[in-house]
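J.: Input file: structure_23.cif. Contents: mmCIF, C-alpha atoms.
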```cif
data_upload
#
loop_
_atom_site.label_atom_id
_atom_site.label_comp_id
_atom_site.auth_asym_id
_atom_site.auth_seq_id
_atom_site.Cartn_x
_atom_site.Cartn_y
_atom_site.Cartn_z
CA MET A 1 11.36 18.03 18.18
CA THR A 2 8.62 15.43 17.86
CA GLU A 3 7.46 14.15 21.24
CA ARG A 4 7.61 10.34 21.12
CA GLY A 5 5.15 8.23 23.03
CA ARG A 6 2.60 11.03 23.31
CA VAL A 7 -0.02 8.68 21.84
CA ASP A 8 -0.21 4.91 21.53
CA SER A 9 -0.52 4.88 17.77
CA THR A 10 0.09 6.98 14.68
CA VAL A 11 -1.99 6.25 11.60
CA THR A 12 -0.02 7.22 8.52
CA VAL A 13 -1.89 8.08 5.33
CA VAL A 14 -0.04 9.00 2.14
CA THR A 15 -2.12 10.48 -0.63
CA ARG A 16 -1.88 12.03 -4.06
CA ASN A 17 -4.82 13.29 -6.14
CA ARG A 18 -7.46 11.21 -4.34
CA ALA A 19 -9.62 14.00 -2.97
CA HIS A 20 -12.79 12.19 -4.09
CA VAL A 21 -12.11 9.26 -1.74
CA LEU A 22 -9.74 10.73 0.86
CA GLY A 23 -12.54 12.35 2.85
CA HIS A 24 -14.27 8.99 3.26
CA CYS A 25 -11.00 7.38 4.34
CA LEU A 26 -10.28 10.04 6.97
CA HIS A 27 -13.88 10.12 8.23
CA ALA A 28 -13.62 6.41 9.02
CA LEU A 29 -10.26 6.89 10.77
CA THR A 30 -11.43 9.83 12.89
CA ASN A 31 -14.50 7.90 14.07
CA GLN A 32 -12.85 4.93 15.70
CA SER A 33 -14.02 3.23 18.88
CA LEU A 34 -10.52 3.79 20.29
CA ASP A 35 -10.18 6.77 22.64
CA PRO A 36 -9.24 9.73 20.38
CA ALA A 37 -6.55 10.75 22.88
CA ARG A 38 -4.72 7.48 22.20
CA TYR A 39 -4.01 8.00 18.51
CA GLU A 40 -3.18 10.57 15.88
CA ILE A 41 -3.39 10.68 12.10
CA VAL A 42 -0.44 11.92 10.06
CA ILE A 43 -1.26 12.71 6.43
CA VAL A 44 1.39 13.38 3.82
CA ASP A 45 0.19 14.93 0.58
CA ASP A 46 2.64 13.89 -2.13
CA GLY A 47 2.22 16.90 -4.40
CA SER A 48 -1.51 16.68 -5.15
CA THR A 49 -2.95 19.01 -7.77
CA ASP A 50 -6.63 18.45 -6.91
CA GLU A 51 -8.73 19.49 -3.90
CA THR A 52 -6.77 17.34 -1.43
CA PRO A 53 -5.60 20.27 0.78
CA ALA A 54 -9.19 21.47 1.21
CA VAL A 55 -10.38 17.97 2.10
CA ILE A 56 -7.66 17.61 4.74
CA ALA A 57 -8.43 21.04 6.22
CA ALA A 58 -12.12 20.17 6.54
CA VAL A 59 -11.29 16.94 8.35
CA GLN A 60 -8.90 18.72 10.73
CA ARG A 61 -11.65 21.14 11.77
CA GLU A 62 -14.06 18.34 12.73
CA ALA A 63 -11.85 15.45 13.88
CA ARG A 64 -11.99 14.19 17.48
CA CYS A 65 -8.38 12.96 17.31
CA GLU A 66 -5.34 14.99 16.34
CA VAL A 67 -4.81 15.19 12.58
CA ARG A 68 -1.48 16.56 11.38
CA ALA A 69 -0.77 17.22 7.71
CA PHE A 70 2.42 17.66 5.70
CA ARG A 71 2.77 18.41 2.02
CA PHE A 72 5.41 18.01 -0.65
CA PRO A 73 5.07 20.83 -3.21
CA GLU A 74 6.03 18.33 -5.92
CA HIS A 75 5.55 14.59 -6.33
CA ARG A 76 8.40 12.72 -4.60
CA GLY A 77 7.01 9.21 -4.34
CA VAL A 78 5.22 7.11 -1.77
CA SER A 79 8.43 5.97 -0.03
CA ALA A 80 9.61 9.51 0.68
CA ALA A 81 6.15 10.43 1.94
CA ARG A 82 5.96 7.41 4.24
CA ASN A 83 9.41 8.12 5.63
CA LEU A 84 8.34 11.67 6.47
CA SER A 85 5.27 10.36 8.28
CA ILE A 86 7.39 7.92 10.31
CA ARG A 87 9.87 10.61 11.30
CA GLU A 88 7.02 12.86 12.43
CA ALA A 89 5.06 10.11 14.22
CA ARG A 90 4.46 10.51 17.94
CA GLY A 91 2.99 7.06 18.44
CA ASP A 92 4.84 3.90 19.40
CA VAL A 93 2.89 1.79 16.88
CA ILE A 94 2.64 2.88 13.25
CA VAL A 95 -0.54 1.83 11.44
CA PHE A 96 -0.40 2.03 7.64
CA VAL A 97 -3.61 2.80 5.76
CA ASP A 98 -3.89 3.65 2.07
CA SER A 99 -5.82 6.80 1.22
CA ASP A 100 -8.38 4.80 -0.79
CA GLY A 101 -9.07 2.46 2.13
CA LEU A 102 -12.05 2.53 4.49
CA VAL A 103 -12.00 0.84 7.89
CA PRO A 104 -14.63 -0.14 10.50
CA PRO A 105 -14.71 1.54 13.96
CA SER A 106 -12.87 -1.29 15.74
CA PHE A 107 -9.93 -1.24 13.28
CA LEU A 108 -7.35 0.61 15.38
CA SER A 109 -8.21 -1.04 18.69
CA THR A 110 -7.74 -4.45 17.04
CA HIS A 111 -4.31 -3.50 15.69
CA LEU A 112 -3.16 -2.13 19.04
CA ALA A 113 -4.42 -5.20 20.91
CA ALA A 114 -2.33 -7.45 18.65
CA HIS A 115 0.85 -5.63 19.70
CA ARG A 116 -0.12 -5.44 23.35
CA GLU A 117 -0.86 -9.17 23.51
CA SER A 118 2.34 -10.29 21.78
CA PRO A 119 5.41 -11.00 23.96
CA ARG A 120 7.74 -10.17 21.05
CA PRO A 121 7.79 -7.61 18.19
CA VAL A 122 5.28 -8.38 15.46
CA ILE A 123 3.75 -7.11 12.27
CA CYS A 124 -0.04 -7.09 12.42
CA ARG A 125 -1.94 -7.47 9.17
CA GLY A 126 -5.62 -7.65 8.31
CA PRO A 127 -7.73 -8.49 5.25
CA ILE A 128 -7.89 -6.11 2.29
CA ILE A 129 -11.31 -6.40 0.67
CA ALA A 130 -12.22 -4.76 -2.64
CA THR A 131 -15.32 -2.57 -2.71
CA ASP A 132 -16.90 -0.43 -5.41
CA SER A 133 -18.96 1.66 -2.97
CA LEU A 134 -17.85 4.65 -0.96
CA HIS A 135 -21.14 4.88 0.90
CA TYR A 136 -21.65 1.20 1.76
CA PRO A 137 -18.12 -0.24 1.68
CA PHE A 138 -18.65 -2.70 4.51
CA ALA A 139 -21.30 -4.56 2.51
CA ALA A 140 -18.51 -6.09 0.41
CA ARG A 141 -17.50 -9.64 1.22
CA TRP A 142 -14.05 -11.21 1.05
CA SER A 143 -13.39 -13.47 -1.95
CA LEU A 144 -10.45 -15.43 -3.31
CA LEU A 145 -9.62 -12.44 -5.49
CA ASP A 146 -8.78 -10.57 -2.27
CA LEU A 147 -6.23 -13.17 -1.16
CA ASN A 148 -2.99 -11.46 -0.12
CA THR A 149 -0.11 -13.48 1.30
CA SER A 150 2.39 -10.63 1.66
CA PHE A 151 4.34 -10.62 4.90
CA PHE A 152 3.86 -6.84 5.09
CA ASP A 153 1.43 -4.69 3.11
CA THR A 154 1.19 -0.95 3.62
CA SER A 155 -2.51 -0.96 2.74
CA ASN A 156 -3.34 -2.55 6.10
CA ALA A 157 -0.51 -3.25 8.53
CA SER A 158 0.99 -2.05 11.79
CA VAL A 159 4.44 -2.30 13.33
CA ARG A 160 6.33 -0.55 16.10
CA ARG A 161 8.17 2.56 15.00
CA GLU A 162 11.44 1.43 16.58
CA ASP A 163 11.39 -1.71 14.40
CA LEU A 164 10.86 0.34 11.24
CA VAL A 165 13.84 2.49 12.17
CA ARG A 166 15.96 -0.61 12.79
CA ALA A 167 14.95 -1.95 9.37
CA GLY A 168 16.12 1.25 7.67
CA LEU A 169 12.77 2.83 6.65
CA PHE A 170 11.59 2.82 3.03
CA ASP A 171 13.88 2.87 0.00
CA GLU A 172 13.04 6.21 -1.62
CA MET A 173 14.18 4.96 -5.01
CA LEU A 174 11.39 2.37 -4.94
CA PHE A 175 8.07 3.73 -6.18
CA HIS A 176 6.51 0.25 -6.01
CA TRP A 177 7.38 -2.91 -4.04
CA GLU A 178 8.48 -0.65 -1.17
CA GLY A 179 6.23 -2.36 1.36
CA ILE A 180 7.39 -5.85 0.44
CA ASP A 181 11.00 -4.65 0.58
CA VAL A 182 10.54 -3.35 4.13
CA GLY A 183 8.66 -6.52 5.06
CA LEU A 184 11.57 -8.71 4.04
CA ARG A 185 13.94 -6.61 6.11
CA LEU A 186 11.62 -6.71 9.12
CA ARG A 187 11.43 -10.49 8.83
CA ARG A 188 15.23 -10.70 8.81
CA LEU A 189 15.19 -8.78 12.09
CA GLY A 190 13.14 -11.60 13.59
CA LEU A 191 9.67 -10.07 13.54
CA ARG A 192 6.80 -12.46 13.01
CA ARG A 193 3.44 -11.71 11.45
CA VAL A 194 0.09 -11.97 13.17
CA TYR A 195 -3.14 -11.83 11.20
CA ARG A 196 -6.38 -10.33 12.51
CA ARG A 197 -9.45 -11.09 10.42
CA ASN A 198 -11.43 -8.60 12.49
CA ALA A 199 -9.24 -5.71 11.29
CA PRO A 200 -10.32 -5.46 7.64
CA LEU A 201 -9.65 -2.59 5.27
CA TYR A 202 -12.06 -2.06 2.39
CA HIS A 203 -10.13 -0.97 -0.68
CA TYR A 204 -12.19 1.28 -2.94
CA GLN A 205 -11.74 0.41 -6.60
CA SER A 206 -13.22 2.82 -9.11
CA SER A 207 -14.77 1.49 -12.29
CA VAL A 208 -12.51 1.14 -15.30
CA THR A 209 -12.67 3.82 -18.00
CA GLY A 210 -10.50 4.51 -21.00
CA GLU A 211 -8.66 7.35 -19.25
CA ARG A 212 -8.14 5.36 -16.06
CA LEU A 213 -6.96 2.32 -17.97
CA GLU A 214 -4.29 4.38 -19.71
CA GLY A 215 -3.03 5.63 -16.35
CA TRP A 216 -3.10 2.14 -14.83
CA LEU A 217 -1.07 0.75 -17.73
CA GLU A 218 1.55 3.47 -17.28
CA LYS A 219 1.69 2.59 -13.60
CA GLU A 220 2.46 -1.03 -14.52
CA GLU A 221 5.46 0.16 -16.52
CA ASP A 222 6.66 2.07 -13.45
CA ARG A 223 6.11 -1.07 -11.37
CA ALA A 224 8.35 -3.02 -13.74
CA ARG A 225 11.14 -0.47 -13.38
CA SER A 226 10.89 -0.65 -9.60
CA ALA A 227 10.91 -4.45 -9.77
CA ARG A 228 14.45 -4.36 -11.15
CA ARG A 229 15.69 -2.34 -8.18
CA PHE A 230 13.76 -4.54 -5.77
CA PHE A 231 15.35 -7.66 -7.24
CA ALA A 232 18.80 -6.02 -7.05
CA ARG A 233 18.30 -5.64 -3.32
CA HIS A 234 16.88 -9.15 -2.89
CA PRO A 235 18.43 -11.40 -5.60
CA THR A 236 16.70 -14.54 -4.36
CA LEU A 237 14.25 -17.10 -5.69
CA GLU A 238 11.63 -15.69 -3.34
CA ALA A 239 12.04 -12.20 -4.84
CA ARG A 240 11.88 -13.66 -8.36
CA LEU A 241 8.59 -15.34 -7.47
CA ILE A 242 7.25 -12.18 -5.81
CA THR A 243 7.98 -10.13 -8.94
CA SER A 244 6.57 -12.83 -11.28
CA GLN A 245 9.84 -13.37 -13.11
CA THR A 246 9.24 -16.99 -14.14
CA PRO A 247 7.86 -18.71 -17.27
CA LEU A 248 5.02 -20.08 -15.14
CA HIS A 249 3.85 -16.58 -14.29
CA ARG A 250 3.81 -15.62 -17.96
CA TRP A 251 1.84 -18.76 -18.85
CA LEU A 252 -0.69 -18.11 -16.07
CA ASN A 253 -1.09 -14.55 -17.25
CA GLY A 254 -1.75 -15.80 -20.78
CA LEU A 255 -4.43 -18.09 -19.40
CA GLN A 256 -5.93 -15.18 -17.45
CA ARG A 257 -6.33 -13.22 -20.71
CA GLY A 258 -7.55 -16.14 -22.81
CA PHE A 259 -4.11 -16.22 -24.49
CA GLY A 260 -4.68 -12.89 -26.19
CA VAL A 261 -8.46 -12.92 -26.61
CA VAL A 262 -8.68 -10.11 -24.05
CA HIS A 263 -6.25 -7.22 -24.40
CA ALA A 264 -6.00 -3.50 -23.67
CA GLY A 265 -7.82 -2.65 -26.89
CA ASN A 266 -11.01 -4.55 -26.04
CA LEU A 267 -10.86 -4.74 -22.24
CA LEU A 268 -13.59 -2.14 -21.67
CA ALA A 269 -15.99 -4.10 -23.86
CA TRP A 270 -15.23 -7.30 -21.96
CA VAL A 271 -15.75 -5.59 -18.60
CA GLU A 272 -19.12 -4.32 -19.79
CA ARG A 273 -20.07 -7.85 -20.90
CA CYS A 274 -19.17 -9.17 -17.47
CA ARG A 275 -21.36 -6.51 -15.89
CA ARG A 276 -24.31 -7.47 -18.09
CA TRP A 277 -23.73 -11.15 -17.35
CA ARG A 278 -23.67 -10.30 -13.62
CA ILE A 279 -20.24 -11.78 -13.08
CA PRO A 280 -18.22 -8.69 -12.05
CA ALA A 281 -15.55 -10.92 -10.51
CA LEU A 282 -14.63 -12.10 -14.01
CA GLY A 283 -14.23 -8.46 -15.01
CA ARG A 284 -11.75 -7.98 -12.14
CA VAL A 285 -9.81 -11.03 -13.34
CA LEU A 286 -9.61 -9.69 -16.88
CA VAL A 287 -8.54 -6.20 -15.77
CA GLY A 288 -5.84 -7.74 -13.60
CA GLY A 289 -4.69 -9.92 -16.47
CA VAL A 290 -4.31 -7.02 -18.91
CA LEU A 291 -2.45 -4.90 -16.35
CA THR A 292 -0.13 -7.75 -15.43
CA GLU A 293 0.59 -8.41 -19.11
CA ARG A 294 1.77 -4.81 -19.48
CA TYR A 295 3.96 -5.21 -16.38
CA LEU A 296 5.50 -8.48 -17.58
CA SER A 297 6.07 -7.20 -21.11
CA HIS A 298 7.78 -4.06 -19.87
CA LEU A 299 9.86 -6.07 -17.43
CA GLN A 300 11.05 -8.20 -20.33
CA LEU A 301 11.87 -5.10 -22.37
CA LEU A 302 14.00 -3.70 -19.58
CA GLY A 303 16.33 -6.67 -19.89
CA ARG A 304 18.19 -8.70 -17.34
CA ASP A 305 20.66 -6.05 -16.17
CA THR A 306 19.98 -4.59 -12.71
CA PRO A 307 21.34 -1.54 -10.86
CA THR A 308 24.68 -2.20 -9.24
CA GLN A 309 24.59 0.51 -6.58
CA ALA A 310 23.36 -0.81 -3.25
CA PRO A 311 20.26 1.00 -1.96
CA ALA A 312 20.73 3.36 0.94
CA ARG A 313 18.96 3.08 4.26
CA LEU A 314 17.54 6.13 5.96
CA THR A 315 18.03 7.15 9.56
CA PRO A 316 15.05 8.60 11.47
CA ASP A 317 16.28 12.08 10.52
CA GLY A 318 16.29 11.25 6.82
CA VAL A 319 20.05 10.93 6.40
CA GLN A 320 21.02 8.33 3.82
CA ARG A 321 23.45 5.65 4.94
CA GLN A 322 24.83 2.94 2.69
CA HIS A 323 23.88 -0.39 4.22
CA ASP A 324 25.83 -3.60 4.34
CA SER A 325 24.75 -6.47 2.17
CA ASP A 326 21.54 -8.10 3.36
CA GLY A 327 23.25 -11.41 2.81
#
```
Mind turning the file's structure into structure tokens?

T.:
Amino acid sequence: MTERGRVDSTVTVVTRNRAHVLGHCLHALTNQSLDPARYEIVIVDDGSTDETPAVIAAVQREARCEVRAFRFPEHRGVSAARNLSIREARGDVIVFVDSDGLVPPSFLSTHLAAHRESPRPVICRGPIIATDSLHYPFAARWSLLDLNTSFFDTSNASVRREDLVRAGLFDEMLFHWEGIDVGLRLRRLGLRRVYRRNAPLYHYQSSVTGERLEGWLEKEEDRARSARRFFARHPTLEARLITSQTPLHRWLNGLQRGFGVVHAGNLLAWVERCRRWRIPALGRVLVGGVLTERYLSHLQLLGRDTPTQAPARLTPDGVQRQHDSDG
């Protein structure tokens, strides 16, 4: 039986085949200014096939705080992994950090202070800033390309465990949009969001290569499939806007790609030009445009029909329970 309240906070990190960056992520989390006795880190390895287990074991040997690890032998998806971490959490406040994120030493203390200072349940969020350096991530500066208006984002957010349980945990049939889905349900429970600029997460983005681009494009097709289930759960104008299902979104995406001038076939060449011209931000815009075009095209191919079965909510013990309509 997991002992609740043993620590103030549980940091949950879900990872899969990110051994090259995971060590940097965990090093930052185990070297916080917060008293190590006040927090723990729960890592769930979602069926990695690289050196992830060895990286985790090395961190466990050296960490000042408690680091507990769980592993799925096969890939089950980020939602299932996050639900496991929540069920195993001993902390009252759950802090979500992506395994390719790096945080400054004051990160956890800032998140905990936001909950301590609020008279009512809240979601605390902080900036997510792109960086291309694992060794000097904090040199990156926020830009408009880092703007994120999501109510809840599992890259950098915290919420009390009891509120996550009340919301029904993560939908394990969603492999994308799962954080936004939970955020909408938390908002319906009456939680408000507080934003702390001094709790940034620096999101490591590797350079684009042909092999990586192919994998990213496949991920966009998966994102489109998950968007249909997400919209089935939240058939609202807000959800349609969130998932970019409007003619305006398609027009803006065309503009972003020069109305076909930039496409998957020549993207690498354009990114290299942007590097030579010393405008890497334009390269980020073009990469995002090509990936979004694949998402929108696949979403259109999938058609208008959506799943009819209502998603199930999970209890803290992982038992599925059919929920009533969210209304």

J.: So what does the PyMOL selection byres ((chain A and resi 58-73) around 9) actually pick up in this one, as a VMD selection string?

T.: chain A and resid 23 26 to 27 30 to 31 35 to 48 53 to 57 74 to 76 81 84 to 85

J.: Quick check, in Å to one decimal: how far apart do CA of Pro235 in chain A and CA of Lys219 in chain A lie?

T.: 23.2 Å

J.: Which residues would end up in the selection if the PyMOL selection byres ((chain A and resi 220-225) around 6) were applied here, given that I need the answer as an mmCIF file with C-alpha atoms, in the frame of the given file?

T.:
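Dumped everything to selection-v1.cif:
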```cif
data_model
loop_
_atom_site.group_PDB
_atom_site.id
_atom_site.type_symbol
_atom_site.label_atom_id
_atom_site.label_comp_id
_atom_site.auth_asym_id
_atom_site.auth_seq_id
_atom_site.Cartn_x
_atom_site.Cartn_y
_atom_site.Cartn_z
ATOM 1 C CA HIS A 176 6.510 0.250 -6.010
ATOM 2 C CA LEU A 217 -1.070 0.750 -17.730
ATOM 3 C CA GLU A 218 1.550 3.470 -17.280
ATOM 4 C CA LYS A 219 1.690 2.590 -13.600
ATOM 5 C CA SER A 226 10.890 -0.650 -9.600
ATOM 6 C CA ALA A 227 10.910 -4.450 -9.770
ATOM 7 C CA ARG A 228 14.450 -4.360 -11.150
ATOM 8 C CA TYR A 295 3.960 -5.210 -16.380
ATOM 9 C CA HIS A 298 7.780 -4.060 -19.870
ATOM 10 C CA LEU A 299 9.860 -6.070 -17.430
#
```

J.: Using the chain letters and numbers from the file, give me the residues hit by the PyMOL selection byres ((chain A and resi 261-266) around 10), as a ChimeraX atom specification.

T.: /A:210,213-214,217,254-260,267-271,286-287,289-291,293-294

J.: Could you tell me how far CA of Val285 in chain A lies from CA of Arg229 in chain A, in Å and to one decimal?

T.: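 Computing the Euclidean distance for CA of Val285 in chain A and CA of Arg229 in chain A yields 27.4 Å.
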
J.: If I take CA of Glu272 in chain A and CA of Ser155 in chain A, how far is one from the other in Å, to one decimal?

T.: 28.2 Å

J.: Which one of A:Cys274, A:Leu201, A:Ile242, A:Val97 sits closest to Ile129 in chain A if you count all atoms listed in the file?

T.: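 Looking only at the distances to Ile129 in chain A, the closest residue turns out to be A:Leu201.
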
J.: To test the calculation: enclose all listed atoms of range 283-299 of chain A in a box whose edges run along x, y and z, add 8 Å on each side, then state centre and edge lengths in Å to one decimal, as JSON.

T.:
```
{"center_x": -2.2, "center_y": -7.5, "center_z": -16.6, "size_x": 40.1, "size_y": 23.0, "size_z": 25.0}
```

J.: What's the 10 Å shell around His111 in chain A, counting all atoms listed in the file, without same-chain residues fewer than 5 positions away, as a PyMOL selection string?

T.: chain A and resi 9+93-95+106+116+123-126+156-159+194-196+198-199

J.: Taking all atoms listed in the file into account, which of A:Arg240, A:Arg284, A:Arg18, A:Arg275 comes nearest Asp100 in chain A?

T.: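 Answer, going by the shortest atom-to-atom distance: A:Arg18.
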
J.: Measuring between all atoms listed in the file, which one of A:Ser206, A:Thr243, A:Ser33, A:Asn83 shows the shortest distance to His20 in chain A?

T.: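 So, comparing all the options, the nearest one is A:Ser206.
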
J.: Please provide the set of residues having any atom within 7 Å of Leu102 in chain A, restricted to only C-alpha atoms, with same-chain residues fewer than 6 positions apart removed, written as a VMD selection string.

T.: chain A and resid 24 to 25 28 201 to 203
